[in-house]
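Data file: protein02.cif. Format and content: mmCIF, C-alpha atoms and all ligand atoms.
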```cif
data_start
#
loop_
_atom_site.group_PDB
_atom_site.id
_atom_site.type_symbol
_atom_site.label_atom_id
_atom_site.label_comp_id
_atom_site.auth_asym_id
_atom_site.auth_seq_id
_atom_site.Cartn_x
_atom_site.Cartn_y
_atom_site.Cartn_z
ATOM 1 C CA MET A 1 -19.594 5.731 5.218
ATOM 2 C CA ILE A 2 -18.853 9.228 3.913
ATOM 3 C CA VAL A 3 -15.250 9.493 2.772
ATOM 4 C CA GLY A 4 -13.365 12.584 1.627
ATOM 5 C CA ILE A 5 -10.723 11.819 -0.984
ATOM 6 C CA VAL A 6 -8.268 14.494 -2.080
ATOM 7 C CA ALA A 7 -4.767 14.979 -3.476
ATOM 8 C CA VAL A 8 -2.964 17.892 -1.826
ATOM 9 C CA ALA A 9 0.322 19.641 -2.512
ATOM 10 C CA LYS A 10 2.732 20.659 0.270
ATOM 11 C CA ASN A 11 1.191 24.161 0.311
ATOM 12 C CA HIS A 12 -2.390 22.758 0.410
ATOM 13 C CA ALA A 13 -2.929 23.490 -3.292
ATOM 14 C CA ILE A 14 -5.434 21.209 -5.047
ATOM 15 C CA GLY A 15 -6.277 22.980 -8.307
ATOM 16 C CA LYS A 16 -5.165 25.439 -10.944
ATOM 17 C CA ASP A 17 -7.135 26.832 -13.905
ATOM 18 C CA GLY A 18 -9.965 24.364 -13.227
ATOM 19 C CA LYS A 19 -7.662 21.353 -13.378
ATOM 20 C CA LEU A 20 -5.313 19.264 -11.248
ATOM 21 C CA PRO A 21 -1.882 20.964 -11.288
ATOM 22 C CA TRP A 22 0.004 17.645 -11.650
ATOM 23 C CA HIS A 23 -0.267 14.232 -13.261
ATOM 24 C CA TYR A 24 0.469 11.088 -11.263
ATOM 25 C CA SER A 25 -0.892 7.994 -12.993
ATOM 26 C CA SER A 26 -0.334 5.991 -9.782
ATOM 27 C CA ASP A 27 -2.715 8.300 -7.908
ATOM 28 C CA LEU A 28 -5.332 8.274 -10.690
ATOM 29 C CA LYS A 29 -5.189 4.475 -10.607
ATOM 30 C CA PHE A 30 -5.518 4.482 -6.817
ATOM 31 C CA PHE A 31 -8.503 6.880 -7.047
ATOM 32 C CA LYS A 32 -10.199 4.650 -9.631
ATOM 33 C CA GLN A 33 -9.633 1.462 -7.596
ATOM 34 C CA THR A 34 -10.852 3.085 -4.387
ATOM 35 C CA THR A 35 -14.023 4.720 -5.723
ATOM 36 C CA THR A 36 -15.202 2.130 -8.289
ATOM 37 C CA GLY A 37 -18.486 0.539 -7.271
ATOM 38 C CA HIS A 38 -19.348 3.441 -4.968
ATOM 39 C CA ALA A 39 -21.006 6.862 -5.251
ATOM 40 C CA VAL A 40 -18.968 10.013 -5.857
ATOM 41 C CA VAL A 41 -20.101 13.556 -5.070
ATOM 42 C CA MET A 42 -18.542 16.493 -6.862
ATOM 43 C CA GLY A 43 -19.134 20.225 -7.178
ATOM 44 C CA PHE A 44 -20.036 21.746 -10.498
ATOM 45 C CA ASN A 45 -16.529 23.108 -11.182
ATOM 46 C CA THR A 46 -15.016 19.652 -10.719
ATOM 47 C CA TRP A 47 -17.730 18.184 -12.943
ATOM 48 C CA ARG A 48 -16.785 20.718 -15.653
ATOM 49 C CA SER A 49 -13.150 19.716 -15.278
ATOM 50 C CA ILE A 50 -13.850 15.947 -15.514
ATOM 51 C CA GLY A 51 -16.344 16.475 -18.356
ATOM 52 C CA LYS A 52 -18.081 13.090 -18.220
ATOM 53 C CA PRO A 53 -19.429 10.693 -15.604
ATOM 54 C CA LEU A 54 -16.770 8.464 -14.030
ATOM 55 C CA PRO A 55 -17.593 4.914 -15.155
ATOM 56 C CA ASN A 56 -18.843 2.233 -12.756
ATOM 57 C CA ARG A 57 -19.750 4.785 -10.115
ATOM 58 C CA LEU A 58 -22.905 6.751 -9.275
ATOM 59 C CA ASN A 59 -21.872 10.325 -10.113
ATOM 60 C CA ILE A 60 -23.661 12.989 -8.081
ATOM 61 C CA VAL A 61 -23.023 16.544 -9.272
ATOM 62 C CA LEU A 62 -23.958 19.483 -7.073
ATOM 63 C CA SER A 63 -25.124 22.829 -8.415
ATOM 64 C CA ARG A 64 -27.536 25.443 -7.114
ATOM 65 C CA SER A 65 -28.180 26.834 -10.591
ATOM 66 C CA ALA A 66 -27.226 24.474 -13.429
ATOM 67 C CA GLN A 67 -30.088 22.350 -14.758
ATOM 68 C CA LEU A 68 -28.616 19.437 -16.655
ATOM 69 C CA GLU A 69 -30.055 16.112 -17.656
ATOM 70 C CA ASP A 70 -29.540 13.079 -15.431
ATOM 71 C CA ASP A 71 -28.212 9.920 -17.042
ATOM 72 C CA SER A 72 -28.010 6.274 -15.941
ATOM 73 C CA ASN A 73 -25.106 6.888 -13.535
ATOM 74 C CA LEU A 74 -25.374 10.686 -13.347
ATOM 75 C CA LEU A 75 -27.531 12.645 -10.951
ATOM 76 C CA PHE A 76 -27.691 16.423 -10.546
ATOM 77 C CA LEU A 77 -28.684 17.593 -7.068
ATOM 78 C CA SER A 78 -28.908 21.108 -5.683
ATOM 79 C CA SER A 79 -28.129 20.750 -1.974
ATOM 80 C CA LYS A 80 -26.042 18.887 0.571
ATOM 81 C CA GLU A 81 -29.267 17.871 2.325
ATOM 82 C CA GLN A 82 -30.483 16.067 -0.808
ATOM 83 C CA VAL A 83 -27.186 14.169 -1.002
ATOM 84 C CA LEU A 84 -27.367 13.149 2.654
ATOM 85 C CA LYS A 85 -30.975 12.013 2.286
ATOM 86 C CA LEU A 86 -30.043 9.864 -0.711
ATOM 87 C CA SER A 87 -26.994 8.438 1.076
ATOM 88 C CA GLY A 88 -29.305 6.881 3.671
ATOM 89 C CA TYR A 89 -30.554 4.555 0.908
ATOM 90 C CA LEU A 90 -27.154 3.634 -0.509
ATOM 91 C CA LYS A 91 -25.415 0.369 0.334
ATOM 92 C CA CYS A 92 -22.076 1.685 -0.952
ATOM 93 C CA ASP A 93 -19.728 4.353 0.357
ATOM 94 C CA LEU A 94 -20.198 7.982 -0.595
ATOM 95 C CA PHE A 95 -16.941 9.599 -1.683
ATOM 96 C CA ILE A 96 -16.695 13.380 -1.609
ATOM 97 C CA ILE A 97 -14.276 13.999 -4.492
ATOM 98 C CA GLY A 98 -14.035 17.799 -4.518
ATOM 99 C CA GLY A 99 -13.323 20.492 -5.198
ATOM 100 C CA ALA A 100 -12.481 22.800 -2.326
ATOM 101 C CA LYS A 101 -15.950 24.348 -1.996
ATOM 102 C CA THR A 102 -17.558 20.916 -1.875
ATOM 103 C CA TYR A 103 -15.035 19.551 0.651
ATOM 104 C CA VAL A 104 -15.771 22.518 2.909
ATOM 105 C CA GLU A 105 -19.550 21.994 2.588
ATOM 106 C CA PHE A 106 -19.277 18.312 3.589
ATOM 107 C CA ALA A 107 -16.463 18.638 6.156
ATOM 108 C CA ASP A 108 -18.734 18.072 9.158
ATOM 109 C CA VAL A 109 -20.170 14.769 7.857
ATOM 110 C CA ILE A 110 -16.946 13.168 6.583
ATOM 111 C CA ASP A 111 -16.069 10.033 8.630
ATOM 112 C CA LYS A 112 -12.728 9.322 6.965
ATOM 113 C CA TRP A 113 -10.250 11.233 4.816
ATOM 114 C CA ILE A 114 -8.040 9.608 2.181
ATOM 115 C CA VAL A 115 -5.359 12.158 1.409
ATOM 116 C CA THR A 116 -2.710 11.806 -1.280
ATOM 117 C CA GLU A 117 0.217 13.984 -0.289
ATOM 118 C CA VAL A 118 1.776 15.250 -3.488
ATOM 119 C CA PRO A 119 5.504 16.061 -3.084
ATOM 120 C CA LEU A 120 5.243 19.439 -4.844
ATOM 121 C CA THR A 121 4.581 23.075 -3.975
ATOM 122 C CA ILE A 122 2.289 24.746 -6.513
ATOM 123 C CA ASP A 123 2.920 28.457 -6.096
ATOM 124 C CA ASP A 124 0.497 29.596 -8.788
ATOM 125 C CA ALA A 125 -2.404 27.328 -7.755
ATOM 126 C CA ASP A 126 -5.822 28.961 -7.384
ATOM 127 C CA VAL A 127 -7.715 26.396 -5.271
ATOM 128 C CA PHE A 128 -6.515 25.274 -1.829
ATOM 129 C CA MET A 129 -7.689 23.053 1.040
ATOM 130 C CA PRO A 130 -8.237 24.794 4.362
ATOM 131 C CA GLY A 131 -5.070 24.381 6.494
ATOM 132 C CA ASP A 132 -7.032 22.686 9.296
ATOM 133 C CA PHE A 133 -9.199 20.268 7.325
ATOM 134 C CA LEU A 134 -7.757 17.266 9.241
ATOM 135 C CA ALA A 135 -8.409 18.714 12.700
ATOM 136 C CA GLY A 136 -10.118 16.027 14.790
ATOM 137 C CA PHE A 137 -8.824 13.186 12.580
ATOM 138 C CA GLU A 138 -6.109 10.617 13.374
ATOM 139 C CA LEU A 139 -3.712 8.954 10.947
ATOM 140 C CA SER A 140 -4.501 5.237 10.569
ATOM 141 C CA GLU A 141 -2.574 4.163 7.453
ATOM 142 C CA SER A 142 0.142 5.406 5.114
ATOM 143 C CA ASN A 143 1.324 3.992 1.764
ATOM 144 C CA GLU A 144 3.736 5.358 -0.813
ATOM 145 C CA LEU A 145 2.617 5.289 -4.457
ATOM 146 C CA LYS A 146 4.861 4.969 -7.499
ATOM 147 C CA GLY A 147 6.474 8.293 -8.350
ATOM 148 C CA GLY A 148 6.466 9.831 -4.875
ATOM 149 C CA PRO A 149 2.900 10.607 -3.679
ATOM 150 C CA VAL A 150 1.973 9.177 -0.267
ATOM 151 C CA VAL A 151 -1.589 8.115 0.513
ATOM 152 C CA LYS A 152 -2.617 8.691 4.125
ATOM 153 C CA THR A 153 -5.884 7.595 5.699
ATOM 154 C CA PHE A 154 -7.314 9.553 8.620
ATOM 155 C CA GLN A 155 -10.233 8.442 10.815
ATOM 156 C CA ARG A 156 -12.434 10.799 12.786
HETATM 157 N N1 LIG B 201 -6.597 17.710 -5.948
HETATM 158 C C1 LIG B 201 -7.772 17.118 -5.851
HETATM 159 O O1 LIG B 201 -7.896 16.038 -5.242
HETATM 160 C C2 LIG B 201 -8.972 17.752 -6.476
HETATM 161 C C3 LIG B 201 -10.209 17.099 -6.427
HETATM 162 C C4 LIG B 201 -11.309 17.709 -7.030
HETATM 163 C C5 LIG B 201 -11.162 18.940 -7.644
HETATM 164 N N2 LIG B 201 -9.950 19.550 -7.676
HETATM 165 C C6 LIG B 201 -9.766 20.864 -8.289
HETATM 166 O O2 LIG B 201 -10.555 21.808 -7.559
HETATM 167 C C7 LIG B 201 -10.974 22.857 -8.448
HETATM 168 C C8 LIG B 201 -12.470 23.031 -8.349
HETATM 169 O O3 LIG B 201 -12.830 23.318 -6.997
HETATM 170 P P1 LIG B 201 -13.826 24.494 -6.593
HETATM 171 O O4 LIG B 201 -13.748 24.693 -5.127
HETATM 172 O O5 LIG B 201 -13.569 25.672 -7.488
HETATM 173 O O6 LIG B 201 -15.258 23.966 -7.033
HETATM 174 P P2 LIG B 201 -16.173 22.661 -6.770
HETATM 175 O O7 LIG B 201 -16.273 22.374 -5.324
HETATM 176 O O8 LIG B 201 -15.789 21.586 -7.714
HETATM 177 O O9 LIG B 201 -17.576 23.226 -7.318
HETATM 178 C C9 LIG B 201 -18.185 24.318 -6.650
HETATM 179 C C10 LIG B 201 -19.619 24.423 -7.150
HETATM 180 O O10 LIG B 201 -20.345 23.266 -6.813
HETATM 181 C C11 LIG B 201 -21.677 23.594 -6.451
HETATM 182 N N3 LIG B 201 -21.855 23.281 -5.030
HETATM 183 C C12 LIG B 201 -20.904 23.068 -4.068
HETATM 184 N N4 LIG B 201 -21.490 22.804 -2.896
HETATM 185 C C13 LIG B 201 -22.818 22.837 -3.111
HETATM 186 C C14 LIG B 201 -23.959 22.639 -2.288
HETATM 187 N N5 LIG B 201 -23.852 22.351 -0.990
HETATM 188 N N6 LIG B 201 -25.177 22.769 -2.840
HETATM 189 C C15 LIG B 201 -25.317 23.044 -4.158
HETATM 190 N N7 LIG B 201 -24.280 23.247 -5.000
HETATM 191 C C16 LIG B 201 -23.055 23.132 -4.473
HETATM 192 C C17 LIG B 201 -21.817 25.082 -6.734
HETATM 193 O O11 LIG B 201 -22.172 25.158 -8.111
HETATM 194 P P3 LIG B 201 -23.077 26.349 -8.739
HETATM 195 O O12 LIG B 201 -22.196 27.563 -8.676
HETATM 196 O O13 LIG B 201 -23.362 25.878 -10.129
HETATM 197 O O14 LIG B 201 -24.286 26.482 -7.877
HETATM 198 C C18 LIG B 201 -20.399 25.584 -6.513
HETATM 199 O O15 LIG B 201 -20.114 26.808 -7.153
HETATM 200 C C19 LIG B 201 -10.494 22.445 -9.846
HETATM 201 O O16 LIG B 201 -9.242 23.069 -10.096
HETATM 202 C C20 LIG B 201 -10.303 20.946 -9.707
HETATM 203 O O17 LIG B 201 -9.358 20.421 -10.648
HETATM 204 C C21 LIG B 201 -8.859 18.979 -7.107
#
```
Write-out of the structure in structure tokens:
Amino acid sequence: MIVGIVAVAKNHAIGKDGKLPWHYSSDLKFFKQTTTGHAVVMGFNTWRSIGKPLPNRLNIVLSRSAQLEDDSNLLFLSSKEQVLKLSGYLKCDLFIIGGAKTYVEFADVIDKWIVTEVPLTIDDADVFMPGDFLAGFELSESNELKGGPVVKTFQR
């Protein structure tokens, strides 16, 4: 299954200065629990922000230009088509973990969204989700995390 996973502020903000504009350890823990043992796909800007492969996951980094060395759990690919071809051979889920450009690229193949609603408005954010990214999806589950964020699952 291809799953989009994102944390979004009330005004659809997801990033600022190449980073997350908040820190919720409960959401980081939830993200780790949910994606461990699976494959994660990220754009090059998100890769730069994370800085190292996420452990116990296959990390797929997308870039059209950067040529970096693969590692045991790190794979650099240059197109969505390559990712989709590879996903046909995977027995695990494929999580699209951002950022905004990458979510938009994969929007049409995402089967399920896991959205953490962050109870903040980030006025000076510089990366946002499209306002309609959940069009065609239905809420199936909702859970509050420690500290205020709410995780909602949406199925296509
Ligand atoms: N709140 C959240 O849940 C969340 C999650 C993740 C990230 N973020 C935030 O989002 C921001 C980064 O997002 P962003 O939209 O600027 O960038 P991004 O999606 O992380 O990376 C964009 C880059 O990825 C590569 N790319 C994307 N789609 C591709 C494709 N189909 N084929 C080949 N390469 C592709 C391109 O790299 P090249 O230019 O090298 O070709 C593109 O410039 C940061 O602030 C980060 O902290 C937030």
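The residue set within 9 Å of range 55-64 of chain A, counting only C-alpha atoms and dropping same-chain residues fewer than 6 places from it, reads A:Thr35, A:Thr36, A:Gly37, A:His38, A:Ala39, A:Val40, A:Val41, A:Met42, A:Gly43, A:Phe44, A:Thr46, A:Trp47, A:Ser72, A:Asn73, A:Leu74, A:Leu75, A:Phe76, A:Leu77, A:Ser78, A:Ser79, A:Lys80, A:Val83, A:Thr102.
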Result set of the PyMOL selection byres (((chain A and resi 150) around 12) and not hetatm) on the coordinates above, as an MDAnalysis selection string
chainID A and resid 6:10 24 26:27 30 114:120 141:149 151:153
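The residues returned by the PyMOL selection byres (((chain A and resi 4) around 6) and not hetatm) on the shown structure are Val3, Ile5, Phe95, Ile96 and Trp113 of chain A.
Nearest-residue note for ligand LIG 201 (chain B): choosing from A:Ala125, A:Leu54, A:Cys92, A:Ala100, the minimum distance belongs to A:Ala100, counting only C-alpha atoms and all ligand atoms.
Residue nearest Ile110 in chain A, chosen from A:Ile97, A:Met129, A:Ile14, A:Ile50 and counting all atoms listed in the file: A:Ile97.
Taking CA of Asp17 in chain A and atom C19 of ligand LIG 201 (chain B) as the two end points, the separation is 6.9 Å.
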What box, with edges along x, y and z, holds each listed atom of range 10-27 of chain A when 5 Å is added on every side, and can you state its centre and edge lengths in Å to one decimal, as AutoDock Vina command-line options?
```
--center_x -3.6 --center_y 16.4 --center_z -6.7 --size_x 22.7 --size_y 30.8 --size_z 24.3
```
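Compared by their closest atoms to ligand LIG 201 (chain B), and using all atoms listed in the file, the residues A:Arg48, A:Lys91, A:Lys29, A:Lys101 rank with A:Lys101 nearest.
Interatomic distance, atom C4 of ligand LIG 201 (chain B) to CA of Lys112 in chain A: 16.4 Å.
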Mind pulling up the distance from CA of Glu138 in chain A to CA of Arg156 in chain A?
6.4 Å
Give me the residues near Lys16 in chain A as a PyMOL selection string, where near means some atom within 10 Å (using all atoms listed in the file) and where sequence neighbours in that chain fewer than 4 positions away do not count.
chain A and resi 20-22+122-128
Written file, previous selection with C-alpha atoms, as a short mmCIF file (atom, residue, chain, number, x, y, z; two decimals), in the coordinates of the input:
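Final output, saved to again.cif:
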```cif
data_model
loop_
_atom_site.label_atom_id
_atom_site.label_comp_id
_atom_site.auth_asym_id
_atom_site.auth_seq_id
_atom_site.Cartn_x
_atom_site.Cartn_y
_atom_site.Cartn_z
CA LEU A 20 -5.31 19.26 -11.25
CA PRO A 21 -1.88 20.96 -11.29
CA TRP A 22 0.00 17.64 -11.65
CA ILE A 122 2.29 24.75 -6.51
CA ASP A 123 2.92 28.46 -6.10
CA ASP A 124 0.50 29.60 -8.79
CA ALA A 125 -2.40 27.33 -7.76
CA ASP A 126 -5.82 28.96 -7.38
CA VAL A 127 -7.72 26.40 -5.27
CA PHE A 128 -6.52 25.27 -1.83
#
```
Selected residue of minimal separation from Thr121 in chain A among A:Ser87, A:Gln155, A:Asn11, A:Thr34, counting all atoms listed in the file
A:Asn11
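You can rank A:Asp108, A:Lys19, A:Glu69, A:Ser140 by their closest distance to ligand LIG 201 (chain B) using only C-alpha atoms and all ligand atoms, and at the top of that list sits A:Lys19.
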